[in-house]
>>> print(open('upload_18.cif').read())   # mmCIF, C-alpha atoms
data_my_file
#
loop_
_atom_site.group_PDB
_atom_site.id
_atom_site.type_symbol
_atom_site.label_atom_id
_atom_site.label_comp_id
_atom_site.auth_asym_id
_atom_site.auth_seq_id
_atom_site.Cartn_x
_atom_site.Cartn_y
_atom_site.Cartn_z
ATOM 1 C CA MET W 1 65.129 18.810 175.098
ATOM 2 C CA ASN W 2 66.981 16.069 173.234
ATOM 3 C CA LYS W 3 67.343 15.942 169.458
ATOM 4 C CA LEU W 4 64.667 13.293 169.011
ATOM 5 C CA THR W 5 62.136 15.439 170.880
ATOM 6 C CA LYS W 6 62.995 18.435 168.677
ATOM 7 C CA ILE W 7 62.460 16.318 165.574
ATOM 8 C CA GLY W 8 59.091 15.085 166.859
ATOM 9 C CA VAL W 9 57.842 18.588 167.669
ATOM 10 C CA SER W 10 58.991 19.951 164.315
ATOM 11 C CA ALA W 11 57.385 17.123 162.375
ATOM 12 C CA LEU W 12 54.015 17.764 164.031
ATOM 13 C CA ALA W 13 54.154 21.551 164.178
ATOM 14 C CA GLY W 14 52.513 22.005 160.782
ATOM 15 C CA SER W 15 49.304 20.196 161.692
ATOM 16 C CA LEU W 16 49.084 21.818 165.106
ATOM 17 C CA ALA W 17 49.669 25.324 163.749
ATOM 18 C CA MET W 18 46.465 25.135 161.698
ATOM 19 C CA THR W 19 44.442 24.873 164.926
ATOM 20 C CA ALA W 20 46.133 27.853 166.597
ATOM 21 C CA VAL W 21 47.440 25.723 169.417
ATOM 22 C CA ASN W 22 49.272 27.559 172.148
ATOM 23 C CA ALA W 23 52.459 26.207 173.737
ATOM 24 C CA ALA W 24 52.492 22.756 172.137
ATOM 25 C CA GLU W 25 54.464 20.166 174.068
ATOM 26 C CA GLY W 26 56.245 17.285 172.375
ATOM 27 C CA SER W 27 57.664 13.956 173.456
ATOM 28 C CA VAL W 28 59.348 10.885 172.051
ATOM 29 C CA SER W 29 58.980 7.321 173.291
ATOM 30 C CA VAL W 30 61.160 4.465 172.111
ATOM 31 C CA SER W 31 60.767 0.736 172.602
ATOM 32 C CA THR W 32 62.835 -2.119 171.277
ATOM 33 C CA GLY W 33 63.319 -5.770 171.978
ATOM 34 C CA PHE W 34 63.244 -9.293 170.630
ATOM 35 C CA ALA W 35 61.126 -12.404 170.968
ATOM 36 C CA PHE W 36 61.261 -16.156 170.510
ATOM 37 C CA ALA W 37 58.098 -17.728 169.136
ATOM 38 C CA SER W 38 56.777 -20.892 167.590
ATOM 39 C CA ALA W 39 56.100 -20.273 163.912
ATOM 40 C CA GLY W 40 52.345 -20.674 164.367
ATOM 41 C CA ASP W 41 52.483 -24.222 165.769
ATOM 42 C CA GLU W 42 54.582 -26.175 168.260
ATOM 43 C CA ASN W 43 55.448 -28.644 165.488
ATOM 44 C CA THR W 44 57.245 -25.962 163.491
ATOM 45 C CA LYS W 45 60.603 -24.405 164.191
ATOM 46 C CA THR W 46 61.141 -21.706 166.784
ATOM 47 C CA THR W 47 61.913 -18.330 165.273
ATOM 48 C CA ALA W 48 63.433 -15.174 166.691
ATOM 49 C CA TYR W 49 62.666 -11.625 165.616
ATOM 50 C CA GLN W 50 63.362 -8.044 166.648
ATOM 51 C CA PHE W 51 60.783 -5.268 167.068
ATOM 52 C CA ASP W 52 61.353 -1.525 167.279
ATOM 53 C CA SER W 53 59.075 1.486 167.692
ATOM 54 C CA VAL W 54 59.630 5.246 167.887
ATOM 55 C CA VAL W 55 56.548 7.351 168.624
ATOM 56 C CA PHE W 56 56.577 11.131 168.154
ATOM 57 C CA SER W 57 53.727 12.977 169.855
ATOM 58 C CA ALA W 58 52.738 16.558 170.576
ATOM 59 C CA SER W 59 49.765 18.275 172.191
ATOM 60 C CA GLY W 60 48.542 21.747 173.006
ATOM 61 C CA GLU W 61 45.439 23.812 173.704
ATOM 62 C CA THR W 62 43.669 26.352 171.502
ATOM 63 C CA GLU W 63 42.469 29.729 172.734
ATOM 64 C CA GLY W 64 38.977 28.235 172.884
ATOM 65 C CA GLY W 65 40.077 25.532 175.326
ATOM 66 C CA ILE W 66 40.205 22.669 172.815
ATOM 67 C CA THR W 67 43.011 20.180 173.377
ATOM 68 C CA VAL W 68 44.687 19.050 170.145
ATOM 69 C CA SER W 69 47.157 16.188 169.928
ATOM 70 C CA ALA W 70 48.904 14.228 167.222
ATOM 71 C CA SER W 71 51.213 11.245 167.095
ATOM 72 C CA MET W 72 52.982 9.120 164.528
ATOM 73 C CA GLU W 73 54.973 5.949 164.848
ATOM 74 C CA LEU W 74 58.064 4.789 163.025
ATOM 75 C CA ASP W 75 57.778 1.024 163.117
ATOM 76 C CA ASN W 76 58.800 -1.204 160.237
ATOM 77 C CA ASP W 77 57.180 -4.347 161.644
ATOM 78 C CA ASN W 78 55.271 -5.056 158.425
ATOM 79 C CA PRO W 79 57.449 -7.414 156.330
ATOM 80 C CA ALA W 80 55.490 -6.506 153.190
ATOM 81 C CA THR W 81 56.690 -2.910 153.158
ATOM 82 C CA ASN W 82 59.769 -0.834 153.803
ATOM 83 C CA ALA W 83 57.826 2.391 154.257
ATOM 84 C CA GLY W 84 58.675 2.599 157.966
ATOM 85 C CA MET W 85 55.601 4.662 158.881
ATOM 86 C CA ASP W 86 53.049 2.885 161.058
ATOM 87 C CA ASP W 87 50.222 4.127 163.307
ATOM 88 C CA ARG W 88 49.376 7.833 163.112
ATOM 89 C CA LYS W 89 46.466 9.914 164.364
ATOM 90 C CA VAL W 90 45.269 13.415 165.239
ATOM 91 C CA SER W 91 42.617 14.223 167.859
ATOM 92 C CA PHE W 92 40.821 17.178 169.400
ATOM 93 C CA GLY W 93 38.372 17.567 172.260
ATOM 94 C CA SER W 94 37.651 18.775 175.775
ATOM 95 C CA ASP W 95 36.352 17.481 179.071
ATOM 96 C CA SER W 96 32.829 18.634 178.203
ATOM 97 C CA MET W 97 32.609 17.566 174.523
ATOM 98 C CA GLY W 98 34.660 14.376 174.537
ATOM 99 C CA THR W 99 37.357 13.490 172.010
ATOM 100 C CA VAL W 100 37.245 13.061 168.241
ATOM 101 C CA THR W 101 40.170 11.204 166.667
ATOM 102 C CA PHE W 102 41.082 10.666 163.021
ATOM 103 C CA HIS W 103 43.289 7.608 162.553
ATOM 104 C CA GLY W 104 45.246 7.939 159.309
ATOM 105 C CA HIS W 105 46.620 4.449 159.884
ATOM 106 C CA GLY W 106 46.109 1.744 162.479
ATOM 107 C CA GLY W 107 42.708 2.801 163.780
ATOM 108 C CA SER W 108 40.374 0.482 165.695
ATOM 109 C CA SER W 109 36.590 0.776 165.683
ATOM 110 C CA VAL W 110 34.533 0.191 168.829
ATOM 111 C CA MET W 111 34.100 -3.493 167.960
ATOM 112 C CA GLY W 112 37.823 -3.666 167.199
ATOM 113 C CA GLN W 113 38.783 -2.076 170.516
ATOM 114 C CA TRP W 114 36.502 -4.555 172.280
ATOM 115 C CA ASP W 115 37.445 -7.668 170.289
ATOM 116 C CA ASP W 116 38.697 -9.131 173.577
ATOM 117 C CA VAL W 117 38.505 -7.254 176.878
ATOM 118 C CA THR W 118 39.319 -10.269 179.051
ATOM 119 C CA PRO W 119 42.566 -9.691 180.970
ATOM 120 C CA ASN W 120 45.906 -11.163 179.962
ATOM 121 C CA ALA W 121 49.535 -10.556 180.859
ATOM 122 C CA TYR W 122 50.883 -10.655 177.295
ATOM 123 C CA GLU W 123 48.605 -11.638 174.382
ATOM 124 C CA GLU W 124 45.150 -13.116 173.791
ATOM 125 C CA VAL W 125 44.473 -16.868 173.897
ATOM 126 C CA TRP W 126 43.858 -16.938 170.116
ATOM 127 C CA ASP W 127 47.090 -15.122 169.273
ATOM 128 C CA THR W 128 50.235 -16.633 167.687
ATOM 129 C CA THR W 129 48.611 -19.932 166.583
ATOM 130 C CA THR W 130 48.216 -20.241 162.810
ATOM 131 C CA GLY W 131 44.523 -20.029 161.901
ATOM 132 C CA GLY W 132 43.473 -19.355 165.500
ATOM 133 C CA ASP W 133 42.927 -15.620 165.073
ATOM 134 C CA VAL W 134 39.222 -15.555 164.146
ATOM 135 C CA ARG W 135 37.184 -12.754 165.693
ATOM 136 C CA ILE W 136 33.921 -10.839 165.523
ATOM 137 C CA ASP W 137 35.382 -7.352 165.524
ATOM 138 C CA GLY W 138 33.608 -5.166 162.973
ATOM 139 C CA ARG W 139 35.794 -3.176 160.619
ATOM 140 C CA SER W 140 38.906 -1.167 161.443
ATOM 141 C CA GLY W 141 41.917 0.200 159.598
ATOM 142 C CA ASN W 142 42.978 3.413 157.911
ATOM 143 C CA ASN W 143 41.138 6.748 157.700
ATOM 144 C CA LEU W 144 38.873 5.920 160.618
ATOM 145 C CA PHE W 145 37.033 8.410 162.843
ATOM 146 C CA THR W 146 36.371 7.585 166.503
ATOM 147 C CA TYR W 147 34.514 9.499 169.203
ATOM 148 C CA ASP W 148 34.717 9.006 172.968
ATOM 149 C CA SER W 149 32.237 10.948 175.076
ATOM 150 C CA PRO W 150 32.877 12.362 178.536
ATOM 151 C CA SER W 151 31.807 10.223 181.464
ATOM 152 C CA PHE W 152 28.349 11.024 182.796
ATOM 153 C CA SER W 153 28.276 9.567 186.323
ATOM 154 C CA GLY W 154 30.265 6.579 185.058
ATOM 155 C CA VAL W 155 28.463 6.219 181.694
ATOM 156 C CA MET W 156 30.293 6.953 178.435
ATOM 157 C CA PHE W 157 29.478 6.489 174.749
ATOM 158 C CA LYS W 158 31.752 5.480 171.905
ATOM 159 C CA MET W 159 31.379 5.614 168.130
ATOM 160 C CA ALA W 160 33.499 4.879 165.064
ATOM 161 C CA HIS W 161 32.977 5.625 161.360
ATOM 162 C CA GLN W 162 34.852 4.659 158.211
ATOM 163 C CA GLN W 163 33.985 5.334 154.581
ATOM 164 C CA SER W 164 33.417 2.387 152.226
ATOM 165 C CA SER W 165 36.602 0.761 150.963
ATOM 166 C CA GLU W 166 35.801 -2.754 149.743
ATOM 167 C CA GLU W 167 34.887 -3.507 146.133
ATOM 168 C CA THR W 168 33.871 -7.173 146.035
ATOM 169 C CA THR W 169 31.917 -9.604 148.201
ATOM 170 C CA ALA W 170 33.296 -12.301 150.471
ATOM 171 C CA THR W 171 32.118 -14.935 152.964
ATOM 172 C CA ASP W 172 33.815 -13.546 156.074
ATOM 173 C CA ASN W 173 31.706 -11.960 158.816
ATOM 174 C CA ASN W 174 33.937 -8.866 158.987
ATOM 175 C CA TYR W 175 33.668 -7.894 155.326
ATOM 176 C CA ASP W 176 31.963 -4.603 154.494
ATOM 177 C CA LEU W 177 31.045 -2.942 151.206
ATOM 178 C CA GLY W 178 29.395 0.252 152.436
ATOM 179 C CA HIS W 179 30.128 2.960 154.945
ATOM 180 C CA TYR W 180 30.780 1.498 158.381
ATOM 181 C CA THR W 181 29.585 2.854 161.731
ATOM 182 C CA ASP W 182 29.515 1.165 165.122
ATOM 183 C CA PHE W 183 28.486 2.223 168.611
ATOM 184 C CA GLY W 184 29.276 1.293 172.184
ATOM 185 C CA ILE W 185 28.211 2.170 175.708
ATOM 186 C CA GLN W 186 30.370 1.564 178.763
ATOM 187 C CA ILE W 187 29.106 1.790 182.340
ATOM 188 C CA SER W 188 31.348 2.018 185.382
ATOM 189 C CA PRO W 189 28.922 2.523 188.298
ATOM 190 C CA GLU W 190 30.254 4.990 190.816
ATOM 191 C CA MET W 191 28.685 2.990 193.649
ATOM 192 C CA VAL W 192 30.565 -0.218 192.651
ATOM 193 C CA GLU W 193 34.243 0.581 192.305
ATOM 194 C CA GLY W 194 36.108 -1.670 189.836
ATOM 195 C CA LEU W 195 33.020 -2.827 187.888
ATOM 196 C CA THR W 196 32.729 -2.143 184.141
ATOM 197 C CA ILE W 197 29.900 -3.256 181.844
ATOM 198 C CA GLY W 198 29.941 -2.709 178.085
ATOM 199 C CA TYR W 199 27.821 -3.259 174.991
ATOM 200 C CA GLY W 200 28.806 -2.673 171.346
ATOM 201 C CA MET W 201 26.993 -3.114 168.036
ATOM 202 C CA ALA W 202 27.734 -2.804 164.322
ATOM 203 C CA GLU W 203 26.212 -3.507 160.925
ATOM 204 C CA LEU W 204 28.264 -4.528 157.890
ATOM 205 C CA ASP W 205 27.052 -4.635 154.280
ATOM 206 C CA ASP W 206 28.596 -7.892 153.058
ATOM 207 C CA THR W 207 26.787 -7.578 149.685
ATOM 208 C CA THR W 208 24.748 -4.854 148.016
ATOM 209 C CA SER W 209 21.530 -6.426 149.361
ATOM 210 C CA THR W 210 22.473 -8.257 152.597
ATOM 211 C CA SER W 211 24.041 -7.272 155.896
ATOM 212 C CA ILE W 212 25.614 -8.772 159.015
ATOM 213 C CA ASP W 213 24.656 -7.590 162.495
ATOM 214 C CA GLN W 214 27.385 -7.860 165.112
ATOM 215 C CA GLU W 215 27.287 -7.255 168.844
ATOM 216 C CA THR W 216 29.376 -7.808 171.930
ATOM 217 C CA MET W 217 28.658 -7.652 175.653
ATOM 218 C CA PHE W 218 31.112 -7.843 178.539
ATOM 219 C CA ILE W 219 31.426 -7.462 182.273
ATOM 220 C CA LYS W 220 34.733 -6.861 184.041
ATOM 221 C CA TYR W 221 35.537 -6.492 187.709
ATOM 222 C CA ALA W 222 38.821 -5.492 189.324
ATOM 223 C CA ILE W 223 39.578 -5.550 193.030
ATOM 224 C CA GLY W 224 43.059 -5.191 194.397
ATOM 225 C CA GLY W 225 45.412 -7.088 192.103
ATOM 226 C CA LEU W 226 42.649 -9.382 190.803
ATOM 227 C CA THR W 227 40.783 -8.761 187.514
ATOM 228 C CA VAL W 228 38.119 -11.062 186.057
ATOM 229 C CA ALA W 229 36.016 -10.636 182.908
ATOM 230 C CA TYR W 230 33.390 -12.434 180.838
ATOM 231 C CA GLN W 231 32.494 -11.543 177.240
ATOM 232 C CA THR W 232 30.262 -12.735 174.396
ATOM 233 C CA HIS W 233 30.249 -11.896 170.672
ATOM 234 C CA GLU W 234 27.629 -12.663 168.051
ATOM 235 C CA ALA W 235 27.360 -12.175 164.284
ATOM 236 C CA ASP W 236 24.059 -12.714 162.428
ATOM 237 C CA GLY W 237 24.232 -12.787 158.627
ATOM 238 C CA SER W 238 22.185 -13.942 155.671
ATOM 239 C CA THR W 239 23.983 -17.290 155.259
ATOM 240 C CA ALA W 240 25.193 -19.989 157.645
ATOM 241 C CA ASP W 241 28.893 -19.206 157.260
ATOM 242 C CA LYS W 242 28.211 -15.657 158.499
ATOM 243 C CA ASN W 243 26.433 -16.694 161.713
ATOM 244 C CA ASP W 244 29.179 -16.819 164.347
ATOM 245 C CA GLU W 245 29.428 -16.517 168.101
ATOM 246 C CA SER W 246 32.080 -16.651 170.778
ATOM 247 C CA GLU W 247 32.220 -16.829 174.561
ATOM 248 C CA SER W 248 35.296 -16.042 176.636
ATOM 249 C CA PHE W 249 36.484 -15.369 180.138
ATOM 250 C CA GLY W 250 39.787 -14.436 181.706
ATOM 251 C CA VAL W 251 41.401 -13.784 185.055
ATOM 252 C CA SER W 252 44.634 -12.003 185.907
ATOM 253 C CA TYR W 253 46.398 -11.378 189.180
ATOM 254 C CA ALA W 254 49.073 -8.809 189.931
ATOM 255 C CA ILE W 255 51.280 -10.610 192.408
ATOM 256 C CA ASN W 256 53.042 -7.331 193.099
ATOM 257 C CA GLU W 257 53.614 -4.062 191.268
ATOM 258 C CA ASN W 258 56.042 -5.796 188.920
ATOM 259 C CA MET W 259 54.651 -9.245 188.132
ATOM 260 C CA THR W 260 51.277 -10.323 186.678
ATOM 261 C CA VAL W 261 49.985 -13.772 185.713
ATOM 262 C CA ALA W 262 46.812 -14.571 183.750
ATOM 263 C CA TYR W 263 44.673 -17.395 182.394
ATOM 264 C CA GLY W 264 41.922 -17.293 179.781
ATOM 265 C CA GLN W 265 39.570 -19.422 177.681
ATOM 266 C CA ARG W 266 37.454 -18.861 174.581
ATOM 267 C CA ASP W 267 34.985 -20.969 172.581
ATOM 268 C CA TYR W 268 34.342 -19.861 168.993
ATOM 269 C CA ASN W 269 31.596 -21.269 166.747
ATOM 270 C CA ASP W 270 31.730 -20.190 163.098
ATOM 271 C CA ASP W 271 28.324 -21.617 162.080
ATOM 272 C CA THR W 272 25.624 -21.380 164.734
ATOM 273 C CA SER W 273 22.852 -22.340 162.297
ATOM 274 C CA SER W 274 23.874 -26.010 162.519
ATOM 275 C CA ASN W 275 25.195 -26.551 166.031
ATOM 276 C CA SER W 276 24.600 -30.302 165.771
ATOM 277 C CA THR W 277 27.222 -30.688 163.066
ATOM 278 C CA THR W 278 29.668 -27.828 163.546
ATOM 279 C CA VAL W 279 32.693 -27.975 165.826
ATOM 280 C CA GLU W 280 33.724 -25.199 168.178
ATOM 281 C CA GLN W 281 37.255 -23.893 168.241
ATOM 282 C CA ASN W 282 38.450 -24.052 171.861
ATOM 283 C CA ASP W 283 41.223 -21.691 172.926
ATOM 284 C CA SER W 284 43.014 -21.458 176.258
ATOM 285 C CA GLY W 285 46.256 -19.965 177.440
ATOM 286 C CA ILE W 286 48.424 -18.745 180.291
ATOM 287 C CA SER W 287 50.569 -15.628 180.253
ATOM 288 C CA ALA W 288 52.903 -13.774 182.574
ATOM 289 C CA SER W 289 54.858 -10.542 182.614
ATOM 290 C CA TYR W 290 57.529 -9.011 184.810
ATOM 291 C CA THR W 291 58.471 -5.335 184.619
ATOM 292 C CA MET W 292 61.472 -3.709 186.210
ATOM 293 C CA GLY W 293 62.045 -0.091 185.310
ATOM 294 C CA GLY W 294 61.902 0.157 181.526
ATOM 295 C CA MET W 295 62.460 -3.578 180.971
ATOM 296 C CA THR W 296 59.667 -6.113 180.559
ATOM 297 C CA ILE W 297 59.918 -9.877 180.257
ATOM 298 C CA ALA W 298 56.649 -11.453 179.109
ATOM 299 C CA GLY W 299 55.280 -14.483 177.351
ATOM 300 C CA HIS W 300 52.367 -16.800 176.796
ATOM 301 C CA MET W 301 51.598 -20.441 175.996
ATOM 302 C CA ASN W 302 48.347 -21.095 174.111
ATOM 303 C CA GLU W 303 46.463 -24.279 173.271
ATOM 304 C CA ASN W 304 43.967 -24.150 170.402
ATOM 305 C CA ASP W 305 41.819 -27.180 169.558
ATOM 306 C CA ASN W 306 39.666 -27.638 166.456
ATOM 307 C CA VAL W 307 41.208 -24.598 164.775
ATOM 308 C CA GLY W 308 38.959 -23.400 161.979
ATOM 309 C CA GLY W 309 36.184 -25.719 163.192
ATOM 310 C CA SER W 310 38.084 -28.797 162.004
ATOM 311 C CA THR W 311 38.289 -32.159 163.768
ATOM 312 C CA ASP W 312 41.504 -33.119 161.972
ATOM 313 C CA ALA W 313 44.374 -34.051 164.259
ATOM 314 C CA THR W 314 46.437 -31.253 162.702
ATOM 315 C CA ALA W 315 43.796 -28.729 163.837
ATOM 316 C CA ASP W 316 44.806 -29.218 167.496
ATOM 317 C CA LYS W 317 47.732 -26.873 168.011
ATOM 318 C CA GLU W 318 49.884 -25.237 170.635
ATOM 319 C CA SER W 319 51.957 -22.083 170.345
ATOM 320 C CA TYR W 320 54.135 -19.872 172.498
ATOM 321 C CA GLU W 321 56.012 -16.588 172.484
ATOM 322 C CA PHE W 322 58.453 -15.022 174.949
ATOM 323 C CA ALA W 323 59.704 -11.448 174.608
ATOM 324 C CA LEU W 324 62.165 -9.044 176.181
ATOM 325 C CA THR W 325 61.256 -5.368 175.730
ATOM 326 C CA PHE W 326 63.048 -2.146 176.638
ATOM 327 C CA ALA W 327 61.189 1.172 176.772
ATOM 328 C CA PHE W 328 62.802 4.565 177.248
#
>>> encode(input="upload_18.cif", output="structure tokens")
Amino acid sequence: MNKLTKIGVSALAGSLAMTAVNAAEGSVSVSTGFAFASAGDENTKTTAYQFDSVVFSASGETEGGITVSASMELDNDNPATNAGMDDRKVSFGSDSMGTVTFHGHGGSSVMGQWDDVTPNAYEEVWDTTTGGDVRIDGRSGNNLFTYDSPSFSGVMFKMAHQQSSEETTATDNNYDLGHYTDFGIQISPEMVEGLTIGYGMAELDDTTSTSIDQETMFIKYAIGGLTVAYQTHEADGSTADKNDESESFGVSYAINENMTVAYGQRDYNDDTSSNSTTVEQNDSGISASYTMGGMTIAGHMNENDNVGGSTDATADKESYEFALTFAF
């Protein structure tokens, strides 16, 4: 066992000891690399940056057969802080009861996990471009509980819950004053190998008297090296600026065990109450990745028109990012 593994096991031993876990096993994973990217738009300068991540994890089983695991990440990729600590979580469960996870930091709700299930080889078609990242994805973040059920003949249920954290109102469709809970069901029919169908729903209290209903539906099919998916999102609120919808599809192909290429599109409408006057944001992009051992070369090129629902010439943008990553 190397020194880093010993550190990871020691750091997590306190939390695992409280659950009477037997024979906890620990591991350490490290990734590092650098990327070149447009600074949000092809008309701005190209920037370069480095990224690093060290994840300590440990798991074990109680005398009652409950599996307990914990992980924490050292990753100072947030320029607003020098704290160093990033994602961390603890979970427990079994094959018969499913898994409950508490995300101290970096948790994603069901709607957040399913904000875009269409395949890509690097990042989503709305990523990197300034102003392009608009989504219907519920509420996620710190101190979030998630539950994943066992699979019942290919059917599984998901749930997430987070206590209230906001204090004022806003116009966004992902703003929430009260306690937040969302649900999802995923079906992978045993008689149709490679097919997955999912549905998720959430309700957000954007004010003390109004709410926003969100939902998403998707279908994905994988056969051989080919994966295709189609997905819709919808948000229904009390005012026009909170009625949004999006439609997306994507296709990826694994040329071989090392190289994958992908293409995707998305249309996003941030005011469905007046479709005759509003303008859709249209996103598209190509991506590719090549992995050899612990090294990955990947990148994408995205085109985003009418960003923010604007017809201004400056709202038609392109962006790109190319990265070299080492994992060990």
>>> residues_near_point(input="upload_18.cif", point="(50.0, -9.1, 174.8)", cutoff="9 Å", atoms="all atoms listed in the file", output="list of chain:residue names")
W:Asn120, W:Ala121, W:Tyr122, W:Glu123, W:Glu124, W:Asp127, W:Ser287, W:Ala298, W:Gly299, W:His300
>>> atom_distance(input="upload_18.cif", atom1="atom CA of Val307 of chain W", atom2="atom CA of Asn282 of chain W")
7.6 Å
>>> resolve_selection(input="upload_18.cif", expression="the PyMOL selection byres ((chain W and resi 254) around 12)", output="list in words")
Pro119, Asn120, Ala121, Ala222, Ile223, Gly224, Gly225, Leu226, Thr227, Val228, Val251, Ser252, Tyr253, Ile255, Asn256, Glu257, Asn258, Met259, Thr260, Val261, Ala262, Ser287, Ala288, Ser289, Tyr290 and Thr291 of chain W
>>> closest_residue(input="upload_18.cif", among="W:Ser71, W:Ser211, W:Ser108, W:Thr272", to="Ser29 of chain W", atoms="all atoms listed in the file")
W:Ser71
>>> residues_around(input="upload_18.cif", residues="segment 41-56 of chain W", least_positions_apart="4", cutoff="8 Å", atoms="all atoms listed in the file", output="ChimeraX atom specification")
/W:5,8-9,26-37,71-77,129-130,317-320
>>> write_last_selection(input="upload_18.cif", atoms="C-alpha atoms", output="compact mmCIF listing (two decimals), in the coordinates of the input")
# COMPACT_ATOMS: atom_id res chain seq x y z
CA THR W 5 62.14 15.44 170.88
CA GLY W 8 59.09 15.08 166.86
CA VAL W 9 57.84 18.59 167.67
CA GLY W 26 56.24 17.28 172.38
CA SER W 27 57.66 13.96 173.46
CA VAL W 28 59.35 10.88 172.05
CA SER W 29 58.98 7.32 173.29
CA VAL W 30 61.16 4.46 172.11
CA SER W 31 60.77 0.74 172.60
CA THR W 32 62.84 -2.12 171.28
CA GLY W 33 63.32 -5.77 171.98
CA PHE W 34 63.24 -9.29 170.63
CA ALA W 35 61.13 -12.40 170.97
CA PHE W 36 61.26 -16.16 170.51
CA ALA W 37 58.10 -17.73 169.14
CA SER W 71 51.21 11.24 167.10
CA MET W 72 52.98 9.12 164.53
CA GLU W 73 54.97 5.95 164.85
CA LEU W 74 58.06 4.79 163.02
CA ASP W 75 57.78 1.02 163.12
CA ASN W 76 58.80 -1.20 160.24
CA ASP W 77 57.18 -4.35 161.64
CA THR W 129 48.61 -19.93 166.58
CA THR W 130 48.22 -20.24 162.81
CA LYS W 317 47.73 -26.87 168.01
CA GLU W 318 49.88 -25.24 170.64
CA SER W 319 51.96 -22.08 170.34
CA TYR W 320 54.14 -19.87 172.50
>>> resolve_selection(input="upload_18.cif", expression="the PyMOL selection byres ((chain W and resi 237) around 8)", output="PDB file with C-alpha atoms, in the frame of the given file")
ATOM      1  CA  ASN W 173      31.706 -11.960 158.816  1.00  0.00           C
ATOM      2  CA  THR W 210      22.473  -8.257 152.597  1.00  0.00           C
ATOM      3  CA  SER W 211      24.041  -7.272 155.896  1.00  0.00           C
ATOM      4  CA  ILE W 212      25.614  -8.772 159.015  1.00  0.00           C
ATOM      5  CA  ASP W 213      24.656  -7.590 162.495  1.00  0.00           C
ATOM      6  CA  ALA W 235      27.360 -12.175 164.284  1.00  0.00           C
ATOM      7  CA  ASP W 236      24.059 -12.714 162.428  1.00  0.00           C
ATOM      8  CA  SER W 238      22.185 -13.942 155.671  1.00  0.00           C
ATOM      9  CA  THR W 239      23.983 -17.290 155.259  1.00  0.00           C
ATOM     10  CA  ALA W 240      25.193 -19.989 157.645  1.00  0.00           C
ATOM     11  CA  LYS W 242      28.211 -15.657 158.499  1.00  0.00           C
ATOM     12  CA  ASN W 243      26.433 -16.694 161.713  1.00  0.00           C
TER      13      ASN W 243
END
>>> residues_near_point(input="upload_18.cif", point="(48.7, 16.7, 172.2)", cutoff="6 Å", atoms="all atoms listed in the file", output="MDAnalysis selection string")
chainID W and resid 58:60 68:70
>>> resolve_selection(input="upload_18.cif", expression="the PyMOL selection byres ((chain W and resi 232) around 10)", output="list in words")
Asp115, Asp116, Ile136, Tyr199, Glu215, Thr216, Met217, Phe218, Ile219, Tyr230, Gln231, His233, Glu234, Glu245, Ser246, Glu247, Ser248, Phe249, Arg266, Asp267 and Tyr268 of chain W
>>> residues_around(input="upload_18.cif", residues="Ser151 of chain W", least_positions_apart="6", cutoff="10 Å", atoms="only C-alpha atoms", output="list of chain:residue names")
W:Asp95, W:Ser96, W:Gly98, W:Phe157, W:Gln186, W:Ile187, W:Ser188
>>> atom_distance(input="upload_18.cif", atom1="atom CA of Thr99 of chain W", atom2="atom CA of Gly64 of chain W")
14.9 Å
>>> closest_residue(input="upload_18.cif", among="W:Gly138, W:Gly184, W:Lys158, W:Gln281", to="Asp205 of chain W", atoms="only C-alpha atoms")
W:Gly138
